[in-house]
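> File name model_0.pdb; file contents PDB, C-alpha atoms; full text below.
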```pdb
ATOM      1  CA  MET A   1       7.589  24.535  -5.799
ATOM      2  CA  LYS A   2       4.938  23.945  -8.418
ATOM      3  CA  ASP A   3       7.411  21.990 -10.577
ATOM      4  CA  ASP A   4       8.782  20.047  -7.593
ATOM      5  CA  VAL A   5       5.834  17.651  -7.368
ATOM      6  CA  PRO A   6       6.478  14.950  -9.985
ATOM      7  CA  ASN A   7       4.031  13.311 -12.316
ATOM      8  CA  LEU A   8       0.845  14.753 -10.835
ATOM      9  CA  LYS A   9       0.032  17.782 -12.973
ATOM     10  CA  ASP A  10      -3.010  17.932 -15.237
ATOM     11  CA  TYR A  11      -4.324  14.437 -14.643
ATOM     12  CA  SER A  12      -7.900  15.007 -13.432
ATOM     13  CA  GLN A  13      -9.595  13.961 -16.665
ATOM     14  CA  ARG A  14      -7.145  11.132 -17.137
ATOM     15  CA  LEU A  15      -7.987   9.772 -13.691
ATOM     16  CA  ARG A  16     -11.675   9.886 -14.477
ATOM     17  CA  ASP A  17     -11.038   7.997 -17.702
ATOM     18  CA  GLU A  18      -8.856   5.430 -15.936
ATOM     19  CA  ALA A  19     -11.449   4.811 -13.207
ATOM     20  CA  SER A  20     -13.234   2.450 -15.590
ATOM     21  CA  MET A  21     -10.101   1.094 -17.292
ATOM     22  CA  ASP A  22      -8.270  -2.157 -16.614
ATOM     23  CA  LEU A  23      -4.807  -1.206 -15.347
ATOM     24  CA  ALA A  24      -3.272  -3.749 -17.692
ATOM     25  CA  ASP A  25      -4.445  -1.549 -20.571
ATOM     26  CA  ILE A  26      -2.588   1.543 -19.318
ATOM     27  CA  GLN A  27       0.499   2.157 -21.405
ATOM     28  CA  SER A  28       3.540   4.243 -20.547
ATOM     29  CA  ASP A  29       4.890   6.995 -22.760
ATOM     30  CA  GLY A  30       8.165   5.090 -22.920
ATOM     31  CA  GLU A  31      10.250   7.458 -20.808
ATOM     32  CA  ALA A  32      12.179   5.661 -18.076
ATOM     33  CA  ASN A  33      14.072   8.483 -16.406
ATOM     34  CA  GLU A  34      14.315   8.221 -12.634
ATOM     35  CA  PRO A  35      12.483  11.067 -10.886
ATOM     36  CA  THR A  36      14.851  13.600  -9.356
ATOM     37  CA  LYS A  37      12.443  16.207  -7.983
ATOM     38  CA  HIS A  38      12.738  17.775  -4.560
ATOM     39  CA  THR A  39       9.527  16.485  -3.035
ATOM     40  CA  GLN A  40       9.609  12.783  -2.238
ATOM     41  CA  ILE A  41       6.189  11.179  -2.684
ATOM     42  CA  ILE A  42       6.243   7.789  -0.974
ATOM     43  CA  ALA A  43       3.451   5.198  -0.939
ATOM     44  CA  ILE A  44       3.357   2.640   1.874
ATOM     45  CA  TYR A  45       1.633  -0.687   1.256
ATOM     46  CA  GLY A  46       0.938  -3.678   3.458
ATOM     47  CA  LYS A  47      -1.679  -6.148   4.616
ATOM     48  CA  GLY A  48      -4.504  -4.732   6.701
ATOM     49  CA  GLY A  49      -3.590  -4.758  10.385
ATOM     50  CA  ILE A  50       0.128  -5.269   9.807
ATOM     51  CA  GLY A  51       1.077  -1.824  11.127
ATOM     52  CA  LYS A  52       1.191   0.578   8.171
ATOM     53  CA  SER A  53      -0.608   3.306  10.063
ATOM     54  CA  PHE A  54       1.527   2.774  13.171
ATOM     55  CA  THR A  55       4.683   2.993  11.059
ATOM     56  CA  LEU A  56       3.566   6.027   9.059
ATOM     57  CA  ALA A  57       2.206   8.073  11.963
ATOM     58  CA  ASN A  58       5.428   7.652  13.924
ATOM     59  CA  LEU A  59       7.680   8.022  10.876
ATOM     60  CA  SER A  60       5.999  11.285   9.860
ATOM     61  CA  HIS A  61       6.210  12.637  13.427
ATOM     62  CA  MET A  62       9.922  11.851  13.603
ATOM     63  CA  MET A  63      10.589  13.417  10.192
ATOM     64  CA  ALA A  64       8.884  16.609  11.357
ATOM     65  CA  GLU A  65      11.004  16.619  14.528
ATOM     66  CA  MET A  66      14.046  16.412  12.255
ATOM     67  CA  GLY A  67      12.969  19.677  10.612
ATOM     68  CA  LYS A  68      11.235  18.293   7.519
ATOM     69  CA  ARG A  69       7.908  19.471   6.149
ATOM     70  CA  VAL A  70       5.687  16.401   5.991
ATOM     71  CA  LEU A  71       2.228  15.801   4.540
ATOM     72  CA  LEU A  72       0.597  12.542   5.624
ATOM     73  CA  ILE A  73      -2.360  11.339   3.538
ATOM     74  CA  GLY A  74      -4.370   8.349   4.685
ATOM     75  CA  CYS A  75      -5.715   6.491   1.651
ATOM     76  CA  ASP A  76      -7.141   3.478   3.483
ATOM     77  CA  PRO A  77     -10.954   3.443   3.955
ATOM     78  CA  LYS A  78     -10.450   2.526   7.631
ATOM     79  CA  SER A  79      -8.999   6.018   8.199
ATOM     80  CA  ASP A  80      -6.743   4.816  11.003
ATOM     81  CA  THR A  81      -3.551   6.640   9.979
ATOM     82  CA  THR A  82      -4.510  10.042  11.313
ATOM     83  CA  SER A  83      -6.375   8.569  14.275
ATOM     84  CA  LEU A  84      -3.070   7.457  15.753
ATOM     85  CA  LEU A  85      -1.418  10.785  14.980
ATOM     86  CA  PHE A  86      -4.283  12.725  16.566
ATOM     87  CA  GLY A  87      -4.511  10.669  19.742
ATOM     88  CA  GLY A  88      -7.513   8.621  18.638
ATOM     89  CA  LYS A  89      -9.476  11.565  17.255
ATOM     90  CA  ALA A  90     -11.017  10.850  13.861
ATOM     91  CA  CYS A  91     -10.704  13.812  11.512
ATOM     92  CA  PRO A  92     -13.295  14.550   8.795
ATOM     93  CA  THR A  93     -12.400  12.735   5.595
ATOM     94  CA  ILE A  94     -12.086  14.404   2.230
ATOM     95  CA  ILE A  95     -14.848  12.278   0.712
ATOM     96  CA  GLU A  96     -17.454  12.845   3.424
ATOM     97  CA  THR A  97     -16.601  16.536   3.713
ATOM     98  CA  SER A  98     -16.797  17.000  -0.047
ATOM     99  CA  THR A  99     -20.214  15.319  -0.126
ATOM    100  CA  LYS A 100     -21.629  17.466   2.690
ATOM    101  CA  LYS A 101     -20.246  20.691   1.240
ATOM    102  CA  LYS A 102     -21.581  19.891  -2.206
ATOM    103  CA  LEU A 103     -25.070  19.264  -0.840
ATOM    104  CA  ALA A 104     -24.877  22.592   0.989
ATOM    105  CA  GLY A 105     -23.625  24.401  -2.103
ATOM    106  CA  GLU A 106     -20.302  25.256  -0.449
ATOM    107  CA  GLU A 107     -16.679  24.879  -1.474
ATOM    108  CA  VAL A 108     -14.257  22.678   0.468
ATOM    109  CA  LYS A 109     -11.443  24.647   2.116
ATOM    110  CA  ILE A 110      -8.109  23.252   3.233
ATOM    111  CA  GLY A 111      -8.978  23.819   6.889
ATOM    112  CA  ASP A 112     -11.997  21.553   6.502
ATOM    113  CA  VAL A 113      -9.883  18.476   5.745
ATOM    114  CA  CYS A 114      -6.253  19.110   6.741
ATOM    115  CA  PHE A 115      -5.070  19.222  10.352
ATOM    116  CA  LYS A 116      -1.667  19.317  12.034
ATOM    117  CA  ARG A 117       0.240  17.999  15.005
ATOM    118  CA  GLY A 118       3.908  18.151  15.897
ATOM    119  CA  GLY A 119       4.762  19.727  12.566
ATOM    120  CA  VAL A 120       2.947  17.036  10.549
ATOM    121  CA  PHE A 121       0.111  18.071   8.232
ATOM    122  CA  ALA A 122      -2.369  15.235   7.806
ATOM    123  CA  MET A 123      -5.621  14.351   6.088
ATOM    124  CA  GLU A 124      -7.728  11.290   5.276
ATOM    125  CA  LEU A 125      -9.218  10.520   1.877
ATOM    126  CA  GLY A 126     -11.776   8.164   3.416
ATOM    127  CA  GLY A 127     -13.950   5.785   1.467
ATOM    128  CA  PRO A 128     -17.535   4.834   0.617
ATOM    129  CA  GLU A 129     -19.895   3.172   3.056
ATOM    130  CA  VAL A 130     -19.664  -0.593   3.159
ATOM    131  CA  GLY A 131     -21.240  -2.159   0.078
ATOM    132  CA  ARG A 132     -22.037   1.219  -1.469
ATOM    133  CA  GLY A 133     -19.083   2.014  -3.659
ATOM    134  CA  CYS A 134     -15.532   1.309  -4.800
ATOM    135  CA  GLY A 135     -12.676   2.339  -2.518
ATOM    136  CA  GLY A 136     -10.431   2.854  -5.528
ATOM    137  CA  ARG A 137     -12.821   5.363  -7.086
ATOM    138  CA  GLY A 138     -12.890   7.156  -3.747
ATOM    139  CA  ILE A 139      -9.136   7.553  -3.928
ATOM    140  CA  ILE A 140      -9.364   8.957  -7.445
ATOM    141  CA  HIS A 141     -12.030  11.445  -6.347
ATOM    142  CA  GLY A 142      -9.911  12.410  -3.352
ATOM    143  CA  PHE A 143      -6.847  13.209  -5.425
ATOM    144  CA  GLU A 144      -8.931  15.247  -7.831
ATOM    145  CA  LEU A 145     -10.085  17.365  -4.896
ATOM    146  CA  LEU A 146      -6.505  17.724  -3.623
ATOM    147  CA  GLU A 147      -5.591  19.156  -6.994
ATOM    148  CA  LYS A 148      -8.399  21.713  -6.734
ATOM    149  CA  LEU A 149      -7.160  22.659  -3.256
ATOM    150  CA  GLY A 150      -3.767  23.562  -4.715
ATOM    151  CA  PHE A 151      -1.705  20.397  -4.287
ATOM    152  CA  HIS A 152       0.808  21.492  -6.945
ATOM    153  CA  ASP A 153       1.660  24.670  -5.048
ATOM    154  CA  TRP A 154       2.183  23.044  -1.645
ATOM    155  CA  ASP A 155       5.702  23.039  -0.248
ATOM    156  CA  PHE A 156       6.643  19.740   1.412
ATOM    157  CA  ASP A 157       9.793  17.662   1.684
ATOM    158  CA  TYR A 158       7.818  14.440   1.979
ATOM    159  CA  VAL A 159       4.311  13.375   1.004
ATOM    160  CA  LEU A 160       3.510  10.015   2.616
ATOM    161  CA  LEU A 161       0.581   7.964   1.312
ATOM    162  CA  ASP A 162      -0.934   5.099   3.322
ATOM    163  CA  PHE A 163      -2.459   2.554   0.915
ATOM    164  CA  LEU A 164      -4.282  -0.698   1.426
ATOM    165  CA  GLY A 165      -2.125  -3.566   0.190
ATOM    166  CA  ASP A 166      -4.743  -4.952  -2.191
ATOM    167  CA  VAL A 167      -3.229  -3.683  -5.444
ATOM    168  CA  VAL A 168      -5.618  -5.885  -7.412
ATOM    169  CA  CYS A 169      -7.975  -2.906  -7.166
ATOM    170  CA  GLY A 170      -7.139  -0.277  -9.792
ATOM    171  CA  GLY A 171      -7.625   2.647  -7.441
ATOM    172  CA  PHE A 172      -5.199   1.348  -4.835
ATOM    173  CA  GLY A 173      -2.695   0.432  -7.530
ATOM    174  CA  LEU A 174      -2.927   3.846  -9.198
ATOM    175  CA  PRO A 175       0.221   5.388  -7.608
ATOM    176  CA  ILE A 176       2.261   2.520  -9.060
ATOM    177  CA  ALA A 177       0.500   2.433 -12.424
ATOM    178  CA  ARG A 178       0.698   6.189 -13.041
ATOM    179  CA  ASP A 179       3.969   7.181 -11.355
ATOM    180  CA  MET A 180       2.143   9.213  -8.708
ATOM    181  CA  ALA A 181       4.898   8.286  -6.245
ATOM    182  CA  GLN A 182       8.614   7.829  -6.752
ATOM    183  CA  LYS A 183       8.959   4.879  -4.441
ATOM    184  CA  VAL A 184       7.081   2.305  -2.416
ATOM    185  CA  ILE A 185       7.754   1.116   1.112
ATOM    186  CA  LEU A 186       6.419  -2.266   2.188
ATOM    187  CA  VAL A 187       5.372  -3.138   5.732
ATOM    188  CA  GLY A 188       5.336  -6.819   6.632
ATOM    189  CA  SER A 189       6.022  -9.295   9.375
ATOM    190  CA  ASN A 190       7.227 -12.862   9.784
ATOM    191  CA  ASP A 191       3.967 -14.370   8.599
ATOM    192  CA  LEU A 192       2.926 -15.756   5.249
ATOM    193  CA  GLN A 193      -0.102 -13.524   4.660
ATOM    194  CA  SER A 194       1.714 -10.204   5.089
ATOM    195  CA  LEU A 195       4.598 -11.363   2.907
ATOM    196  CA  TYR A 196       2.103 -12.598   0.303
ATOM    197  CA  VAL A 197       0.718  -9.051   0.094
ATOM    198  CA  ALA A 198       4.224  -7.546   0.006
ATOM    199  CA  ASN A 199       5.136  -9.899  -2.813
ATOM    200  CA  ASN A 200       1.979  -8.895  -4.723
ATOM    201  CA  VAL A 201       3.007  -5.251  -4.490
ATOM    202  CA  CYS A 202       6.474  -6.154  -5.791
ATOM    203  CA  SER A 203       4.781  -7.920  -8.712
ATOM    204  CA  ALA A 204       2.739  -4.799  -9.472
ATOM    205  CA  VAL A 205       5.838  -2.594  -9.352
ATOM    206  CA  GLU A 206       7.767  -4.922 -11.640
ATOM    207  CA  TYR A 207       4.847  -5.178 -14.077
ATOM    208  CA  PHE A 208       4.580  -1.431 -14.548
ATOM    209  CA  ARG A 209       8.339  -1.001 -14.700
ATOM    210  CA  LYS A 210       8.259  -3.275 -17.739
ATOM    211  CA  LEU A 211       5.744  -0.850 -19.267
ATOM    212  CA  GLY A 212       8.162   2.033 -18.683
ATOM    213  CA  GLY A 213       7.119   3.178 -15.217
ATOM    214  CA  ASN A 214       9.510   4.756 -12.727
ATOM    215  CA  VAL A 215       8.149   3.637  -9.355
ATOM    216  CA  GLY A 216      10.473   1.351  -7.408
ATOM    217  CA  VAL A 217      10.543  -0.348  -4.026
ATOM    218  CA  ALA A 218      12.659   1.473  -1.438
ATOM    219  CA  GLY A 219      12.564  -1.411   1.014
ATOM    220  CA  LEU A 220      10.738  -3.383   3.676
ATOM    221  CA  VAL A 221       9.866  -2.387   7.236
ATOM    222  CA  ILE A 222       9.551  -5.487   9.410
ATOM    223  CA  ASN A 223       6.927  -4.794  12.061
ATOM    224  CA  LYS A 224       6.262  -6.964  15.123
ATOM    225  CA  ASP A 225       9.587  -8.689  14.464
ATOM    226  CA  ASP A 226       9.825 -11.825  16.602
ATOM    227  CA  GLY A 227      13.245 -12.752  15.239
ATOM    228  CA  THR A 228      12.198 -15.807  13.254
ATOM    229  CA  GLY A 229      13.655 -14.295  10.075
ATOM    230  CA  GLU A 230      11.094 -15.020   7.348
ATOM    231  CA  ALA A 231      10.573 -11.350   6.452
ATOM    232  CA  ALA A 232      14.319 -10.715   6.206
ATOM    233  CA  ALA A 233      14.628 -13.823   4.015
ATOM    234  CA  PHE A 234      11.862 -12.483   1.775
ATOM    235  CA  ALA A 235      13.622  -9.121   1.419
ATOM    236  CA  LYS A 236      16.856 -10.865   0.451
ATOM    237  CA  ALA A 237      15.093 -13.093  -2.083
ATOM    238  CA  ALA A 238      13.175 -10.138  -3.578
ATOM    239  CA  ASP A 239      16.421  -8.115  -3.665
ATOM    240  CA  ILE A 240      15.111  -5.206  -1.584
ATOM    241  CA  PRO A 241      16.656  -3.764   1.603
ATOM    242  CA  VAL A 242      15.269  -3.996   5.117
ATOM    243  CA  LEU A 243      14.782  -0.385   6.227
ATOM    244  CA  ALA A 244      14.016  -1.175   9.876
ATOM    245  CA  SER A 245      12.979  -3.991  12.176
ATOM    246  CA  ILE A 246      10.432  -2.872  14.751
ATOM    247  CA  PRO A 247      10.417  -5.470  17.530
ATOM    248  CA  GLN A 248       7.423  -7.331  18.860
ATOM    249  CA  ASP A 249       7.334  -5.475  22.134
ATOM    250  CA  ASP A 250       4.590  -5.103  24.730
ATOM    251  CA  ASP A 251       5.416  -1.425  25.321
ATOM    252  CA  LEU A 252       4.940  -0.644  21.623
ATOM    253  CA  ARG A 253       1.714  -2.621  21.525
ATOM    254  CA  LYS A 254       0.225  -0.803  24.497
ATOM    255  CA  LYS A 255       1.249   2.648  23.318
ATOM    256  CA  SER A 256      -0.079   2.031  19.828
ATOM    257  CA  ALA A 257      -3.376   0.754  21.262
ATOM    258  CA  ASN A 258      -3.611   3.936  23.352
ATOM    259  CA  TYR A 259      -2.838   6.209  20.361
ATOM    260  CA  GLN A 260       0.502   7.320  21.782
ATOM    261  CA  ILE A 261       3.232   8.533  19.435
ATOM    262  CA  VAL A 262       6.562   6.749  19.930
ATOM    263  CA  GLY A 263       8.332   8.331  16.942
ATOM    264  CA  THR A 264       9.869  11.118  19.003
ATOM    265  CA  ALA A 265      13.398  11.792  20.205
ATOM    266  CA  SER A 266      12.111  12.216  23.744
ATOM    267  CA  GLY A 267      11.070   8.539  24.001
ATOM    268  CA  GLN A 268      12.889   5.217  24.195
ATOM    269  CA  TRP A 269      12.059   4.388  20.579
ATOM    270  CA  GLY A 270      13.402   7.649  19.192
ATOM    271  CA  ASP A 271      16.641   6.191  17.843
ATOM    272  CA  LEU A 272      14.768   3.440  15.992
ATOM    273  CA  PHE A 273      12.476   5.876  14.194
ATOM    274  CA  THR A 274      15.323   8.310  13.531
ATOM    275  CA  GLN A 275      17.179   5.520  11.742
ATOM    276  CA  LEU A 276      14.015   4.589   9.860
ATOM    277  CA  ALA A 277      13.476   8.212   8.762
ATOM    278  CA  GLU A 278      17.045   8.424   7.485
ATOM    279  CA  ALA A 279      16.734   5.090   5.692
ATOM    280  CA  VAL A 280      13.449   6.080   4.038
ATOM    281  CA  ALA A 281      14.888   9.401   2.896
ATOM    282  CA  GLY A 282      17.992   7.902   1.350
ATOM    283  CA  ALA A 283      16.745   4.595  -0.057
ATOM    284  CA  PRO A 284      16.621   4.591  -3.871
ATOM    285  CA  PRO A 285      13.667   3.051  -5.723
ATOM    286  CA  VAL A 286      14.792  -0.335  -7.024
ATOM    287  CA  ARG A 287      13.231  -3.017  -9.184
ATOM    288  CA  PRO A 288      12.198  -5.920  -6.969
ATOM    289  CA  LYS A 289      12.339  -9.590  -7.886
ATOM    290  CA  PRO A 290       8.910 -11.005  -7.011
ATOM    291  CA  LEU A 291       8.781 -14.597  -5.830
ATOM    292  CA  ASP A 292       6.514 -17.281  -7.248
ATOM    293  CA  GLN A 293       4.145 -19.116  -4.895
ATOM    294  CA  ASP A 294       6.565 -21.955  -4.210
ATOM    295  CA  GLY A 295       9.382 -19.515  -3.545
ATOM    296  CA  LEU A 296       7.213 -17.699  -1.023
ATOM    297  CA  LEU A 297       6.198 -20.926   0.723
ATOM    298  CA  ASN A 298       9.819 -22.064   0.875
ATOM    299  CA  LEU A 299      10.606 -19.156   3.205
ATOM    300  CA  PHE A 300       8.680 -21.040   5.891
ATOM    301  CA  ASP A 301       8.945 -24.440   7.491
ATOM    302  CA  SER A 302       6.842 -26.830   5.403
ATOM    303  CA  LYS A 303       5.023 -28.102   8.498
ATOM    304  CA  ASP A 304       3.638 -24.583   8.971
ATOM    305  CA  THR A 305       2.537 -23.991   5.389
ATOM    306  CA  GLY A 306       1.569 -27.420   4.076
ATOM    307  CA  GLY A 307       4.440 -27.267   1.619
ATOM    308  CA  ASP A 308       4.938 -31.063   1.845
ATOM    309  CA  PHE A 309       1.294 -31.833   1.138
ATOM    310  CA  VAL A 310       0.745 -33.974  -1.932
ATOM    311  CA  LEU A 311      -2.270 -33.072  -4.081
ATOM    312  CA  VAL A 312      -4.534 -36.059  -4.714
ATOM    313  CA  PRO A 313      -6.682 -35.657  -7.861
ATOM    314  CA  ALA A 314     -10.438 -36.157  -7.486
ATOM    315  CA  THR A 315     -12.243 -38.674  -9.650
ATOM    316  CA  ASP A 316     -15.612 -38.637 -11.344
ATOM    317  CA  VAL A 317     -16.845 -41.216  -8.826
ATOM    318  CA  ASP A 318     -15.763 -38.920  -5.960
ATOM    319  CA  MET A 319     -17.811 -36.101  -7.386
ATOM    320  CA  ARG A 320     -20.950 -38.176  -7.913
ATOM    321  CA  GLY A 321     -20.934 -39.568  -4.369
ATOM    322  CA  LYS A 322     -24.106 -41.566  -3.667
ATOM    323  CA  ASN A 323     -25.164 -40.983  -7.262
ATOM    324  CA  ALA A 324     -22.136 -42.819  -8.583
ATOM    325  CA  LYS A 325     -23.111 -45.681 -10.905
ATOM    326  CA  PRO A 326     -21.057 -47.744 -13.307
ATOM    327  CA  LYS A 327     -21.034 -46.100 -16.694
ATOM    328  CA  LYS A 328     -21.421 -48.182 -19.801
ATOM    329  CA  SER A 329     -18.335 -48.187 -21.900
ATOM    330  CA  LEU A 330     -18.587 -46.607 -25.337
ATOM    331  CA  GLU A 331     -15.596 -48.590 -26.528
ATOM    332  CA  VAL A 332     -16.345 -50.721 -29.593
ATOM    333  CA  MET A 333     -15.600 -54.406 -28.953
ATOM    334  CA  TYR A 334     -14.858 -56.740 -31.866
ATOM    335  CA  ASP A 335     -15.426 -60.507 -31.803
ATOM    336  CA  GLU A 336     -12.371 -62.563 -32.446
ATOM    337  CA  ALA A 337     -12.384 -64.151 -35.882
TER     338      ALA A 337
END
```
Go through the file and emit its structure as structure tokens.

Amino acid sequence: MKDDVPNLKDYSQRLRDEASMDLADIQSDGEANEPTKHTQIIAIYGKGGIGKSFTLANLSHMMAEMGKRVLLIGCDPKSDTTSLLFGGKACPTIIETSTKKKLAGEEVKIGDVCFKRGGVFAMELGGPEVGRGCGGRGIIHGFELLEKLGFHDWDFDYVLLDFLGDVVCGGFGLPIARDMAQKVILVGSNDLQSLYVANNVCSAVEYFRKLGGNVGVAGLVINKDDGTGEAAAFAKAADIPVLASIPQDDDLRKKSANYQIVGTASGQWGDLFTQLAEAVAGAPPVRPKPLDQDGLLNLFDSKDTGGDFVLVPATDVDMRGKNAKPKKSLEVMYDEA
């Protein structure tokens, strides 16, 4: 199994070096072979609050019910992925546990940070306190610790990573930049902000593919789908498949708010998450076609986005306001002969 985990071996020092490096400076070794290893490492991205954690917790639970070995790693500082899986219970994060153990002169053990439910093994990387550190560096530190805990020897069919959609940050963009995952799944809805984030992730994937990277987009999960169609139109324009459409439904909202798992064959939503699990497993990583800003806005009615608004240039007089005074011309005037 040690060789089944792609692209993650012997990178601790490299990660430390890259923590202070602009991702645009990271170059590929030129190899562009598609990963074919047994373990599928899948990173899920989306705007905060769009439903990544809801999707991942239920997807992982359904995969485990289908007989797969699943490791779920929350990489969002909010640590809400495992909270849903564990019925609202917050588990100790890798970062806080590592800090406490280090101060006590003790080693972190797998049982300190990894917990299980319904066949799913799950852990949270965590993040720094507000205003006291970089979330991306926390992710790098967390993966270094996972390596020390024996990540390369673990035996899983799927490793699911829940990432904040802000790939502008180097730490959150690391799985794409360094081929730490084979494919990316996007979670979005029929609103401009979530599709803006999804499009940004597509841009990051395409950028690093041009540098020789292997990570591709497996598809889009439309969450809270109200049927208006903007997310499906985005997927078509970006040339990526829609893996599932999770409806905007009051039952789902209430159960999610109460930390209830709906990704189970025993519930009414079992078929939906079974189909999603099968789609995620079989979807190949493809190169997306990111949209420009106008293309993104054109997915929506112009009255909702301001697409018909005409930009009126400001003048120097506008900027000076009450201080505006006529300025003497510097133009040279010649008397007529």
> Just the residues within 9 Å of A:Gly142, please, counting only C-alpha atoms, with nothing from its chain fewer than 6 positions along; format it as a list of chain:residue names.
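Result of the neighbour search: A:Cys75, A:Ile94, A:Ile95, A:Ser98, A:Glu124, A:Leu125, A:Gly126.
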> Determine the residue set returned by the PyMOL selection byres ((chain A and resi 295) around 12) for the present structure, and present it as a list in words.
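So the PyMOL selection byres ((chain A and resi 295) around 12), applied here, picks out Leu192, Leu195, Tyr196, Asn199, Glu230, Ala233, Phe234, Ala237, Ala238, Lys289, Pro290, Leu291, Asp292, Gln293, Asp294, Leu296, Leu297, Asn298, Leu299, Phe300, Ser302 and Gly307 of chain A.
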> Could you write out as a PDB file with C-alpha atoms, in the coordinates of the input the residues that the PyMOL selection byres ((chain A and resi 226) around 7) matches in the shown file?

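So out.pdb came out as:
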```pdb
ATOM      1  CA  LYS A 224       6.262  -6.964  15.123  1.00  0.00           C
ATOM      2  CA  ASP A 225       9.587  -8.689  14.464  1.00  0.00           C
ATOM      3  CA  GLY A 227      13.245 -12.752  15.239  1.00  0.00           C
ATOM      4  CA  THR A 228      12.198 -15.807  13.254  1.00  0.00           C
ATOM      5  CA  PRO A 247      10.417  -5.470  17.530  1.00  0.00           C
ATOM      6  CA  GLN A 248       7.423  -7.331  18.860  1.00  0.00           C
TER       7      GLN A 248
END
```
> Need to verify the contact set: A:Ala122, 7 Å, all atoms listed in the file, exclusion of same-chain residues closer than 6 positions in sequence. Can you return it as number ranges by chain?
A: 71-73, 82, 114-116
> Measuring between only C-alpha atoms, which one of A:Ile222, A:Leu252, A:Val215, A:Ile44 shows the shortest distance to A:Gly165?
A:Ile44
> Compile the contact shell of A:Ala90 as a list in words: residues with an atom at most 10 Å away, counting only C-alpha atoms, same-chain residues fewer than 5 positions apart removed.
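Answer for this query is Ser79, Asp80, Thr81, Thr82, Ser83, Leu84, Leu85 and Glu124 of chain A.
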> With only C-alpha atoms as the counted atoms, please give the residues lying no more than 10 Å from A:Lys109, apart from itself and same-chain residues fewer than 6 positions off, as JSON, numbers by chain.
{"A": [97, 98, 101, 148, 149]}
> Please expand the PyMOL selection byres ((chain A and resi 60) around 10) into the concrete residues it hits in this file, giving the result as a VMD selection string.
chain A and resid 55 to 59 61 to 66 68 to 72 85 118 to 122 158 to 160 263 to 264 273 277
> Write out, as a PDB file, in the coordinates of the input, the residues just selected, with C-alpha atoms.

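Okay, selection.pdb is ready:
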```pdb
ATOM      1  CA  THR A  55       4.683   2.993  11.059  1.00  0.00           C
ATOM      2  CA  LEU A  56       3.566   6.027   9.059  1.00  0.00           C
ATOM      3  CA  ALA A  57       2.206   8.073  11.963  1.00  0.00           C
ATOM      4  CA  ASN A  58       5.428   7.652  13.924  1.00  0.00           C
ATOM      5  CA  LEU A  59       7.680   8.022  10.876  1.00  0.00           C
ATOM      6  CA  HIS A  61       6.210  12.637  13.427  1.00  0.00           C
ATOM      7  CA  MET A  62       9.922  11.851  13.603  1.00  0.00           C
ATOM      8  CA  MET A  63      10.589  13.417  10.192  1.00  0.00           C
ATOM      9  CA  ALA A  64       8.884  16.609  11.357  1.00  0.00           C
ATOM     10  CA  GLU A  65      11.004  16.619  14.528  1.00  0.00           C
ATOM     11  CA  MET A  66      14.046  16.412  12.255  1.00  0.00           C
ATOM     12  CA  LYS A  68      11.235  18.293   7.519  1.00  0.00           C
ATOM     13  CA  ARG A  69       7.908  19.471   6.149  1.00  0.00           C
ATOM     14  CA  VAL A  70       5.687  16.401   5.991  1.00  0.00           C
ATOM     15  CA  LEU A  71       2.228  15.801   4.540  1.00  0.00           C
ATOM     16  CA  LEU A  72       0.597  12.542   5.624  1.00  0.00           C
ATOM     17  CA  LEU A  85      -1.418  10.785  14.980  1.00  0.00           C
ATOM     18  CA  GLY A 118       3.908  18.151  15.897  1.00  0.00           C
ATOM     19  CA  GLY A 119       4.762  19.727  12.566  1.00  0.00           C
ATOM     20  CA  VAL A 120       2.947  17.036  10.549  1.00  0.00           C
ATOM     21  CA  PHE A 121       0.111  18.071   8.232  1.00  0.00           C
ATOM     22  CA  ALA A 122      -2.369  15.235   7.806  1.00  0.00           C
ATOM     23  CA  TYR A 158       7.818  14.440   1.979  1.00  0.00           C
ATOM     24  CA  VAL A 159       4.311  13.375   1.004  1.00  0.00           C
ATOM     25  CA  LEU A 160       3.510  10.015   2.616  1.00  0.00           C
ATOM     26  CA  GLY A 263       8.332   8.331  16.942  1.00  0.00           C
ATOM     27  CA  THR A 264       9.869  11.118  19.003  1.00  0.00           C
ATOM     28  CA  PHE A 273      12.476   5.876  14.194  1.00  0.00           C
ATOM     29  CA  ALA A 277      13.476   8.212   8.762  1.00  0.00           C
TER      30      ALA A 277
END
```
> Quick check, in Å to one decimal: how far apart do atom CA of A:Val221 and atom CA of A:Val205 lie?
17.1 Å
> A:Ile41, A:Met319, A:Val201, A:Cys134: which is nearest A:Phe156, counting only C-alpha atoms?
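Distance minimum relative to A:Phe156 lands on A:Ile41.
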> Quick check, in Å to one decimal: how far apart do atom CA of A:Thr93 and atom CA of A:Ala43 lie?
18.7 Å
> What is the distance, in Å and to one decimal place, between atom CA of A:Arg178 and atom CA of A:Ala204?
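Pair atom CA of A:Arg178 / atom CA of A:Ala204 returns 11.7 Å.
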> From the list A:Asp155, A:Lys254, A:Asn200, A:Asp179, which residue is nearest A:His38 when using only C-alpha atoms?
A:Asp155
> Counting all atoms listed in the file, figure out which residue out of A:Val217, A:Leu164, A:Ile246, A:Ala235 gets nearest to A:Gly46.
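The answer is A:Leu164, which sits nearest to A:Gly46.
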> Taking all atoms of stretch 142-151 of chain A that the file lists, what box with edges along x, y and z, padded by 5 Å per side, do you get, with centre and edge lengths in Å to one decimal, as AutoDock Vina command-line options?

```
--center_x -5.9 --center_y 18.0 --center_z -5.5 --size_x 18.4 --size_y 21.2 --size_z 14.6
```
> Can you work out which one of A:Lys255, A:Lys78, A:Arg287, A:Lys210 has the shortest atom-to-atom distance to A:Val184, counting all atoms listed in the file?
A:Arg287
